[in-house]
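> Below: one structure in C-alpha cells.
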Amino acid sequence: MTPPLALYVHFPWCVAKCPYCDFNSHALRDALPESTYIDALVMDMQIQAPRAAGRAISSVFMGGGTPSLFKPEAIGGLLERLRAILPFEAGCEITLEANPATVERGRFAEYHAAGINRVSLGAQSFDGETLKALGRIHQPADVFRAAEELHTAGLSNFNLDLMFALPRQDVAGALADLTTALSLEPAHLSHYQLTLEPGTLFAAQPPPLPDDEIAWDMQGACHAVLAARGFAQYEVSAFARAGRQCRHNLNYWRFGDYLGIGAGAHGKLTRATDGSAPCIERSTHLREPRRYLASAAQGPAWKAVPDEDLPYEFAMNALRLNEGFEASLFTTRTGLPFARVESIPRALEKQGLMELVAGHWRATGRGRQMLNELILRFLPGRNSGVMAGS
Ligand SMILES: C[S@@+](CC[C@H](N)C(=O)[O-])C[C@H]1O[C@@H](n2cnc3c(N)ncnc32)[C@H](O)[C@@H]1O
Ligand code: SF4
C-alpha cells in the first residue's frame, strides 16, 4: 500500500536571522529573487515528479524561512504550476508560514484567493521586551492585527507558534502569553520550549534562561490550560481543536511520503520494487539559496534508506504522536514484519515506558519525558541497553 504523498516547499529567506534559529533561513541582503526562485521550484518539481507518477498530493506546506515575503500572486502562480505537474487531491490542505511583520494589510485575503487554506503564524511571545530579546522583527500588535485579518479573510484555520522558557520568563509570563494567544482564537497551537541550537548566536552567547525545573512547571501549567480550553495535545508540541490537527505534519509523523522542493528541502518516497519489499528513498537539496538556484536543474540527491535503519526512523516519527502507532502501520510503512521489532516495545512496556492501548503502541507519560532515549532503543543493536532512570 502506497502512503499518502505530501509536498514541502522551502523558502529560505527572512528579513533578519533570529539568534535562536537553526532553520535553513538566511537574512535577505539584496532584492528577493522572487520569479527566479519560483521558476527553480517548478523545475525542481518537474524533475522529481516522474518518481511519483500516478500519485496525487494530499497536503502542501510552504515553510521557511519566511514564505510570506513572497507576494500572493507569486504563491498563487506557483500553486497553479505545481498542480499542473502533479494533481492535488480534493480538499488538499495548503499551509503558508507567515511572519506577522511581513504581511501587509489585506494580504491574507489575497493568499486565500491564491489557494492558501491554512496559515501558521510565528507569534513566539506577546511580551514586547521578550520579542526584542529574541531578535524578532514584529511587535505583539502585529499578531493581533494578523489574527483579526485571518478571521476576516476566511482563514480561521490558523496555527500560532508560541515558545516558552524564554529569556527572563517566569511561569506567570508563559501563562500570560498562552492566554493572549488563545484569545485570538487560533484553530491550532504549537508550543515549543526554546532550545539553544548548536551554531546559533544564542548557543554562543546564551541569554538568561529559566532553569529546567521552572521550564517543566511552565509546560505543565500551559498544557493544563490548553486542555481546559479544548486544545487536545496530539504530538509533543502540537495542540488542536477537534478536527484541526495539521494534516501535513500528521503525514510526517505517520511515516508518510513527501516530496521536498526548494533550498535544503528533504523528501521521502516509497517505491514499489519487483513486487516484494518496498524501497524507501530520501532526497536532499543544497541548503545555501544561491547554490540551490545554480543546481536546481539537476534535482536533489537520492539515497535509499537501509532496512536496518527503518525501525528507528519510523519510531522517531510515530512515537512523537500521542496516539502512537498500530503494528499494521509499521508494516505498511516500512515493509518490515512487526515481529522484527516487537521485542523492543515489549521490553519498554516492562519498564513502564511504552504501553499498548486499543491496539496502539505509544509512549507512557514517563516514556514521553525521556522520548529521545526511548526512540534510540529502536536503533540496531540497542534493544538490550538498560536506560538511565528506567
Ligand atoms: C521555521 S520557524 C517559522 C516561522 C517564521 N519564520 C517565524 O519565525 O515567524 C518555525 C517555528 O519554530 C520555532 N523555533 C525556531 N527555533 C526554535 C528554537 N531554537 N527553539 C524552540 N523553537 C524554535 C518557532 O516557534 C518558529 O515559529
Ligand atoms: S523568522 Fe523564523 S525562520 Fe526566519 S530566522 Fe526567525 S525563526 Fe528562523
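Residues in the C-alpha cells are numbered from 1 in each chain, the chains being A, B, ... in the order shown, and ligands are numbered from 1 in the order shown.
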I'd like the contact shell of range 119-130 of chain A - 9 Å cut-off, only C-alpha atoms, skipping same-chain residues fewer than 4 positions apart - returned as a tab-separated table (two decimals) with C-alpha atoms, in the first residue's frame.


```tsv
chain	number	residue	atom	x	y	z
A	63	GLY	CA	7.71	26.71	5.14
A	94	ILE	CA	-2.28	24.11	1.77
A	95	THR	CA	-0.40	25.89	4.58
A	96	LEU	CA	1.66	29.07	4.38
A	97	GLU	CA	4.06	30.01	7.18
A	98	ALA	CA	3.94	33.73	7.88
A	99	ASN	CA	5.93	36.16	9.97
A	100	PRO	CA	3.45	38.68	11.44
A	108	PHE	CA	-4.22	37.30	3.83
A	134	LEU	CA	14.52	37.05	20.70
A	135	GLY	CA	15.58	39.35	17.87
A	136	ARG	CA	12.07	39.30	16.41
A	138	HIS	CA	7.49	42.08	14.98
A	139	GLN	CA	5.58	43.51	17.94
A	140	PRO	CA	2.55	41.98	19.74
A	141	ALA	CA	0.25	44.41	17.87
A	142	ASP	CA	1.31	42.83	14.55
A	143	VAL	CA	-0.01	39.45	15.73
A	146	ALA	CA	-2.77	39.45	11.64
A	147	ALA	CA	-5.15	37.20	13.61
A	150	LEU	CA	-7.03	35.91	9.14
A	155	LEU	CA	-8.62	31.71	7.16
A	156	SER	CA	-9.72	30.82	10.69
A	157	ASN	CA	-7.83	27.54	10.28
A	158	PHE	CA	-4.58	29.06	11.52
A	159	ASN	CA	-1.82	28.00	13.87
A	160	LEU	CA	0.10	30.18	16.28
A	161	ASP	CA	3.72	29.24	17.09
A	162	LEU	CA	4.48	30.09	20.70
A	163	MET	CA	7.75	29.48	22.53
A	164	PHE	CA	8.27	29.17	26.29
A	166	LEU	CA	12.23	32.41	27.14
A	167	PRO	CA	14.82	34.92	28.44
A	168	ARG	CA	13.78	36.18	31.91
A	169	GLN	CA	10.36	34.49	31.61
A	173	GLY	CA	4.73	35.13	31.94
A	174	ALA	CA	4.43	31.86	29.99
A	176	ALA	CA	0.05	35.17	30.10
A	177	ASP	CA	1.50	34.53	26.61
A	178	LEU	CA	-0.66	31.44	26.20
A	180	THR	CA	-3.28	36.02	24.97
A	181	ALA	CA	-2.60	33.56	22.14
A	188	HIS	CA	-4.10	25.10	16.37
A	191	HIS	CA	4.09	25.22	21.92
A	192	TYR	CA	7.89	24.90	21.77
```

> Write out as a ChimeraX atom specification each polymer residue (protein, DNA or RNA) that has an atom no more than 8 Å from ligand 2, with only C-alpha atoms and all ligand atoms counted.

/A:12-27,64-66,99,122,135-136

> Take the residues just selected and output them with N, CA, C and O atoms as a PDB file, in the first residue's frame.


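Done, and the output landed in out.pdb:
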```pdb
ATOM      1  N   PRO A  12      13.835  30.111   1.656  1.00  0.00           N
ATOM      2  CA  PRO A  12      14.963  30.215   2.590  1.00  0.00           C
ATOM      3  C   PRO A  12      15.309  31.616   3.103  1.00  0.00           C
ATOM      4  O   PRO A  12      16.314  31.752   3.785  1.00  0.00           O
ATOM      5  N   TRP A  13      14.506  32.636   2.779  1.00  0.00           N
ATOM      6  CA  TRP A  13      14.915  33.983   3.197  1.00  0.00           C
ATOM      7  C   TRP A  13      14.045  34.541   4.324  1.00  0.00           C
ATOM      8  O   TRP A  13      12.857  34.231   4.413  1.00  0.00           O
ATOM      9  N   CYS A  14      14.671  35.367   5.160  1.00  0.00           N
ATOM     10  CA  CYS A  14      13.970  36.107   6.219  1.00  0.00           C
ATOM     11  C   CYS A  14      14.472  37.542   6.188  1.00  0.00           C
ATOM     12  O   CYS A  14      15.550  37.815   5.658  1.00  0.00           O
ATOM     13  N   VAL A  15      13.702  38.457   6.798  1.00  0.00           N
ATOM     14  CA  VAL A  15      14.152  39.856   6.868  1.00  0.00           C
ATOM     15  C   VAL A  15      15.438  39.922   7.696  1.00  0.00           C
ATOM     16  O   VAL A  15      16.388  40.615   7.345  1.00  0.00           O
ATOM     17  N   ALA A  16      15.464  39.193   8.810  1.00  0.00           N
ATOM     18  CA  ALA A  16      16.659  39.136   9.668  1.00  0.00           C
ATOM     19  C   ALA A  16      16.744  37.737  10.253  1.00  0.00           C
ATOM     20  O   ALA A  16      15.728  37.041  10.344  1.00  0.00           O
ATOM     21  N   LYS A  17      17.946  37.334  10.633  1.00  0.00           N
ATOM     22  CA  LYS A  17      18.105  35.995  11.212  1.00  0.00           C
ATOM     23  C   LYS A  17      17.905  36.082  12.728  1.00  0.00           C
ATOM     24  O   LYS A  17      18.608  36.846  13.414  1.00  0.00           O
ATOM     25  N   CYS A  18      16.965  35.323  13.282  1.00  0.00           N
ATOM     26  CA  CYS A  18      16.749  35.325  14.731  1.00  0.00           C
ATOM     27  C   CYS A  18      17.891  34.558  15.411  1.00  0.00           C
ATOM     28  O   CYS A  18      18.332  33.524  14.896  1.00  0.00           O
ATOM     29  N   PRO A  19      18.355  35.035  16.562  1.00  0.00           N
ATOM     30  CA  PRO A  19      19.566  34.462  17.168  1.00  0.00           C
ATOM     31  C   PRO A  19      19.416  33.041  17.703  1.00  0.00           C
ATOM     32  O   PRO A  19      20.403  32.395  18.013  1.00  0.00           O
ATOM     33  N   TYR A  20      18.168  32.526  17.780  1.00  0.00           N
ATOM     34  CA  TYR A  20      17.945  31.177  18.311  1.00  0.00           C
ATOM     35  C   TYR A  20      17.711  30.165  17.194  1.00  0.00           C
ATOM     36  O   TYR A  20      17.592  28.970  17.445  1.00  0.00           O
ATOM     37  N   CYS A  21      17.620  30.622  15.934  1.00  0.00           N
ATOM     38  CA  CYS A  21      17.059  29.800  14.859  1.00  0.00           C
ATOM     39  C   CYS A  21      18.134  29.045  14.081  1.00  0.00           C
ATOM     40  O   CYS A  21      19.093  29.644  13.597  1.00  0.00           O
ATOM     41  N   ASP A  22      17.966  27.720  13.964  1.00  0.00           N
ATOM     42  CA  ASP A  22      18.913  26.947  13.143  1.00  0.00           C
ATOM     43  C   ASP A  22      18.231  26.365  11.904  1.00  0.00           C
ATOM     44  O   ASP A  22      18.727  25.420  11.300  1.00  0.00           O
ATOM     45  N   PHE A  23      17.071  26.930  11.549  1.00  0.00           N
ATOM     46  CA  PHE A  23      16.448  26.509  10.295  1.00  0.00           C
ATOM     47  C   PHE A  23      17.273  27.026   9.120  1.00  0.00           C
ATOM     48  O   PHE A  23      18.099  27.921   9.291  1.00  0.00           O
ATOM     49  N   ASN A  24      17.019  26.483   7.940  1.00  0.00           N
ATOM     50  CA  ASN A  24      17.755  26.946   6.764  1.00  0.00           C
ATOM     51  C   ASN A  24      17.167  28.280   6.312  1.00  0.00           C
ATOM     52  O   ASN A  24      16.382  28.345   5.368  1.00  0.00           O
ATOM     53  N   SER A  25      17.530  29.329   7.045  1.00  0.00           N
ATOM     54  CA  SER A  25      16.988  30.661   6.747  1.00  0.00           C
ATOM     55  C   SER A  25      18.137  31.657   6.710  1.00  0.00           C
ATOM     56  O   SER A  25      19.072  31.576   7.515  1.00  0.00           O
ATOM     57  N   HIS A  26      18.058  32.571   5.770  1.00  0.00           N
ATOM     58  CA  HIS A  26      19.160  33.499   5.510  1.00  0.00           C
ATOM     59  C   HIS A  26      18.616  34.919   5.439  1.00  0.00           C
ATOM     60  O   HIS A  26      17.591  35.148   4.779  1.00  0.00           O
ATOM     61  N   ALA A  27      19.300  35.851   6.126  1.00  0.00           N
ATOM     62  CA  ALA A  27      18.857  37.246   6.082  1.00  0.00           C
ATOM     63  C   ALA A  27      18.968  37.736   4.647  1.00  0.00           C
ATOM     64  O   ALA A  27      19.983  37.512   3.972  1.00  0.00           O
ATOM     65  N   GLY A  64       9.588  27.900   6.001  1.00  0.00           N
ATOM     66  CA  GLY A  64      10.790  28.721   5.812  1.00  0.00           C
ATOM     67  C   GLY A  64      11.746  28.642   6.960  1.00  0.00           C
ATOM     68  O   GLY A  64      11.691  27.745   7.783  1.00  0.00           O
ATOM     69  N   GLY A  65      12.547  29.691   6.970  1.00  0.00           N
ATOM     70  CA  GLY A  65      12.418  30.965   6.309  1.00  0.00           C
ATOM     71  C   GLY A  65      11.050  31.652   6.459  1.00  0.00           C
ATOM     72  O   GLY A  65      10.283  31.333   7.339  1.00  0.00           O
ATOM     73  N   THR A  66      10.823  32.558   5.566  1.00  0.00           N
ATOM     74  CA  THR A  66       9.605  33.352   5.618  1.00  0.00           C
ATOM     75  C   THR A  66       8.918  33.361   4.247  1.00  0.00           C
ATOM     76  O   THR A  66       9.153  34.258   3.435  1.00  0.00           O
ATOM     77  N   ASN A  99       5.386  35.350   8.884  1.00  0.00           N
ATOM     78  CA  ASN A  99       5.926  36.158   9.967  1.00  0.00           C
ATOM     79  C   ASN A  99       5.004  37.373  10.088  1.00  0.00           C
ATOM     80  O   ASN A  99       4.759  38.060   9.091  1.00  0.00           O
ATOM     81  N   GLY A 122       4.088  32.927  13.177  1.00  0.00           N
ATOM     82  CA  GLY A 122       5.132  32.890  14.213  1.00  0.00           C
ATOM     83  C   GLY A 122       4.937  33.988  15.244  1.00  0.00           C
ATOM     84  O   GLY A 122       5.500  35.066  15.134  1.00  0.00           O
ATOM     85  N   GLY A 135      15.166  38.817  19.177  1.00  0.00           N
ATOM     86  CA  GLY A 135      15.580  39.352  17.873  1.00  0.00           C
ATOM     87  C   GLY A 135      14.453  39.367  16.863  1.00  0.00           C
ATOM     88  O   GLY A 135      14.696  39.437  15.647  1.00  0.00           O
ATOM     89  N   ARG A 136      13.192  39.312  17.341  1.00  0.00           N
ATOM     90  CA  ARG A 136      12.067  39.300  16.406  1.00  0.00           C
ATOM     91  C   ARG A 136      11.864  40.677  15.783  1.00  0.00           C
ATOM     92  O   ARG A 136      12.111  41.695  16.426  1.00  0.00           O
TER      93      ARG A 136
END
```

> Taking the DSSP assignment computed from this structure's backbone, write out as a ChimeraX atom specification all residues of range 116-352 of chain A that belong to alpha helix (DSSP H).

/A:128-133,140-152,171-183,201-204,212-228,247-253,289-295,310-318,327-334,343-350

> Among range 87-320 of chain A, which ones does DSSP assign to strand (DSSP E or B) (computed from the backbone)? Answer as a ChimeraX atom specification.

/A:88-98,118-124,158-164,188-193,232-235,238-240,257-261,266-271,279-284,301-304

> Would you compute the distance between CA of Tyr292 in chain A and CA of Asp39 in chain A? Give it in Å to one decimal.

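Separation between CA of Tyr292 in chain A and CA of Asp39 in chain A: 12.2 Å.
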
> Find the residue from A:Leu201, A:Val42, A:Ala56, A:Leu184 that sits nearest to ligand 1; use only C-alpha atoms and all ligand atoms when measuring.

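Checking each of A:Leu201, A:Val42, A:Ala56, A:Leu184 against ligand 1, counting only C-alpha atoms and all ligand atoms, the winner is A:Leu201.
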
> Take CA of Leu286 in chain A and CA of Glu89 in chain A and report the distance between them in Å, one decimal.

29.0 Å

> Tell me which protein, DNA and RNA residues are within 12 Å of Thr36 in chain A, counting only C-alpha atoms, leaving out same-chain ones fewer than 3 positions away, and put them as a PyMOL selection string.

chain A and resi 31-33+39-43+70+74+78+262+289-290+292-294+296

> Out of A:Ser59, A:Thr200, A:Gln46, A:Thr179, which residue has the shortest atom-to-atom distance to ligand 1 when counting only C-alpha atoms and all ligand atoms?

A:Thr200

> Nearest residue to ligand 1 out of A:Arg244, A:His360, A:Lys71, A:His10, using only C-alpha atoms and all ligand atoms?

A:His10

> Got a sec: who's within 8 Å of Val171 in chain A, counting only C-alpha atoms, leaving out chain neighbours fewer than 3 positions off, as a PDB file with all heavy atoms, in the first residue's frame?


```pdb
ATOM      1  N   ALA A 174       4.742  32.876  31.012  1.00  0.00           N
ATOM      2  CA  ALA A 174       4.429  31.862  29.989  1.00  0.00           C
ATOM      3  C   ALA A 174       2.909  31.682  29.886  1.00  0.00           C
ATOM      4  O   ALA A 174       2.357  31.555  28.790  1.00  0.00           O
ATOM      5  CB  ALA A 174       5.104  30.540  30.341  1.00  0.00           C
ATOM      6  N   LEU A 175       2.245  31.703  31.050  1.00  0.00           N
ATOM      7  CA  LEU A 175       0.780  31.548  31.046  1.00  0.00           C
ATOM      8  C   LEU A 175       0.099  32.766  30.429  1.00  0.00           C
ATOM      9  O   LEU A 175      -0.899  32.625  29.707  1.00  0.00           O
ATOM     10  CB  LEU A 175       0.283  31.358  32.484  1.00  0.00           C
ATOM     11  CG  LEU A 175       0.389  29.925  33.021  1.00  0.00           C
ATOM     12  CD1 LEU A 175       0.106  29.888  34.519  1.00  0.00           C
ATOM     13  CD2 LEU A 175      -0.573  28.990  32.277  1.00  0.00           C
ATOM     14  N   ILE A 214      11.794  25.154  36.333  1.00  0.00           N
ATOM     15  CA  ILE A 214      10.796  26.191  36.024  1.00  0.00           C
ATOM     16  C   ILE A 214      10.186  25.910  34.636  1.00  0.00           C
ATOM     17  O   ILE A 214       8.973  26.028  34.437  1.00  0.00           O
ATOM     18  CB  ILE A 214      11.416  27.606  36.103  1.00  0.00           C
ATOM     19  CG1 ILE A 214      11.842  27.868  37.539  1.00  0.00           C
ATOM     20  CG2 ILE A 214      10.443  28.673  35.609  1.00  0.00           C
ATOM     21  CD1 ILE A 214      12.541  29.178  37.770  1.00  0.00           C
ATOM     22  N   ALA A 215      11.054  25.516  33.687  1.00  0.00           N
ATOM     23  CA  ALA A 215      10.554  25.201  32.341  1.00  0.00           C
ATOM     24  C   ALA A 215       9.529  24.064  32.419  1.00  0.00           C
ATOM     25  O   ALA A 215       8.495  24.082  31.731  1.00  0.00           O
ATOM     26  CB  ALA A 215      11.713  24.815  31.430  1.00  0.00           C
ATOM     27  N   ASP A 217       7.623  23.321  34.990  1.00  0.00           N
ATOM     28  CA  ASP A 217       6.396  23.865  35.585  1.00  0.00           C
ATOM     29  C   ASP A 217       5.600  24.659  34.546  1.00  0.00           C
ATOM     30  O   ASP A 217       4.371  24.599  34.499  1.00  0.00           O
ATOM     31  CB  ASP A 217       6.729  24.805  36.760  1.00  0.00           C
ATOM     32  CG  ASP A 217       7.264  24.019  37.952  1.00  0.00           C
ATOM     33  OD1 ASP A 217       7.141  22.778  37.949  1.00  0.00           O
ATOM     34  OD2 ASP A 217       7.824  24.652  38.869  1.00  0.00           O
ATOM     35  N   MET A 218       6.316  25.426  33.708  1.00  0.00           N
ATOM     36  CA  MET A 218       5.638  26.208  32.663  1.00  0.00           C
ATOM     37  C   MET A 218       4.875  25.275  31.734  1.00  0.00           C
ATOM     38  O   MET A 218       3.715  25.510  31.398  1.00  0.00           O
ATOM     39  CB  MET A 218       6.671  26.947  31.794  1.00  0.00           C
ATOM     40  CG  MET A 218       7.305  28.130  32.449  1.00  0.00           C
ATOM     41  SD  MET A 218       8.553  28.770  31.312  1.00  0.00           S
ATOM     42  CE  MET A 218       9.151  30.136  32.308  1.00  0.00           C
ATOM     43  N   ALA A 221       1.780  23.761  33.437  1.00  0.00           N
ATOM     44  CA  ALA A 221       0.712  24.753  33.624  1.00  0.00           C
ATOM     45  C   ALA A 221       0.067  25.089  32.274  1.00  0.00           C
ATOM     46  O   ALA A 221      -1.166  25.182  32.170  1.00  0.00           O
ATOM     47  CB  ALA A 221       1.295  26.010  34.278  1.00  0.00           C
TER      48      ALA A 221
END
```

> List the spatial neighbours of Leu329 in chain A as a short mmCIF file (atom, residue, chain, number, x, y, z; two decimals) with C-alpha atoms, in the first residue's frame - criterion: any atom at most 12 Å away, only C-alpha atoms, same-chain residues fewer than 3 positions off excluded.


```
data_model
loop_
_atom_site.label_atom_id
_atom_site.label_comp_id
_atom_site.auth_asym_id
_atom_site.auth_seq_id
_atom_site.Cartn_x
_atom_site.Cartn_y
_atom_site.Cartn_z
CA MET A 1 0.00 0.00 0.00
CA THR A 2 1.48 3.35 -1.01
CA PRO A 3 1.32 6.00 1.73
CA TRP A 253 4.64 11.51 11.93
CA ARG A 254 2.75 8.57 10.41
CA PHE A 255 5.79 7.96 8.21
CA GLY A 256 4.03 9.02 5.02
CA PRO A 311 12.57 0.88 12.72
CA PHE A 314 9.70 5.07 11.98
CA ALA A 315 9.88 5.34 15.80
CA ALA A 318 5.42 7.76 15.23
CA GLY A 324 1.30 6.10 18.91
CA PHE A 325 1.04 3.51 16.13
CA GLU A 326 -0.57 0.22 15.20
CA THR A 332 2.68 -0.98 5.65
CA ARG A 333 5.05 1.98 6.02
CA THR A 334 8.37 0.15 6.38
CA GLY A 335 7.61 -3.11 4.52
CA LEU A 336 9.09 -4.99 7.51
CA PRO A 337 7.25 -7.57 9.64
CA PHE A 338 6.38 -6.16 13.08
CA GLY A 359 -4.17 -1.79 19.54
CA HIS A 360 -1.80 1.22 19.51
CA TRP A 361 1.75 1.18 20.84
#
```
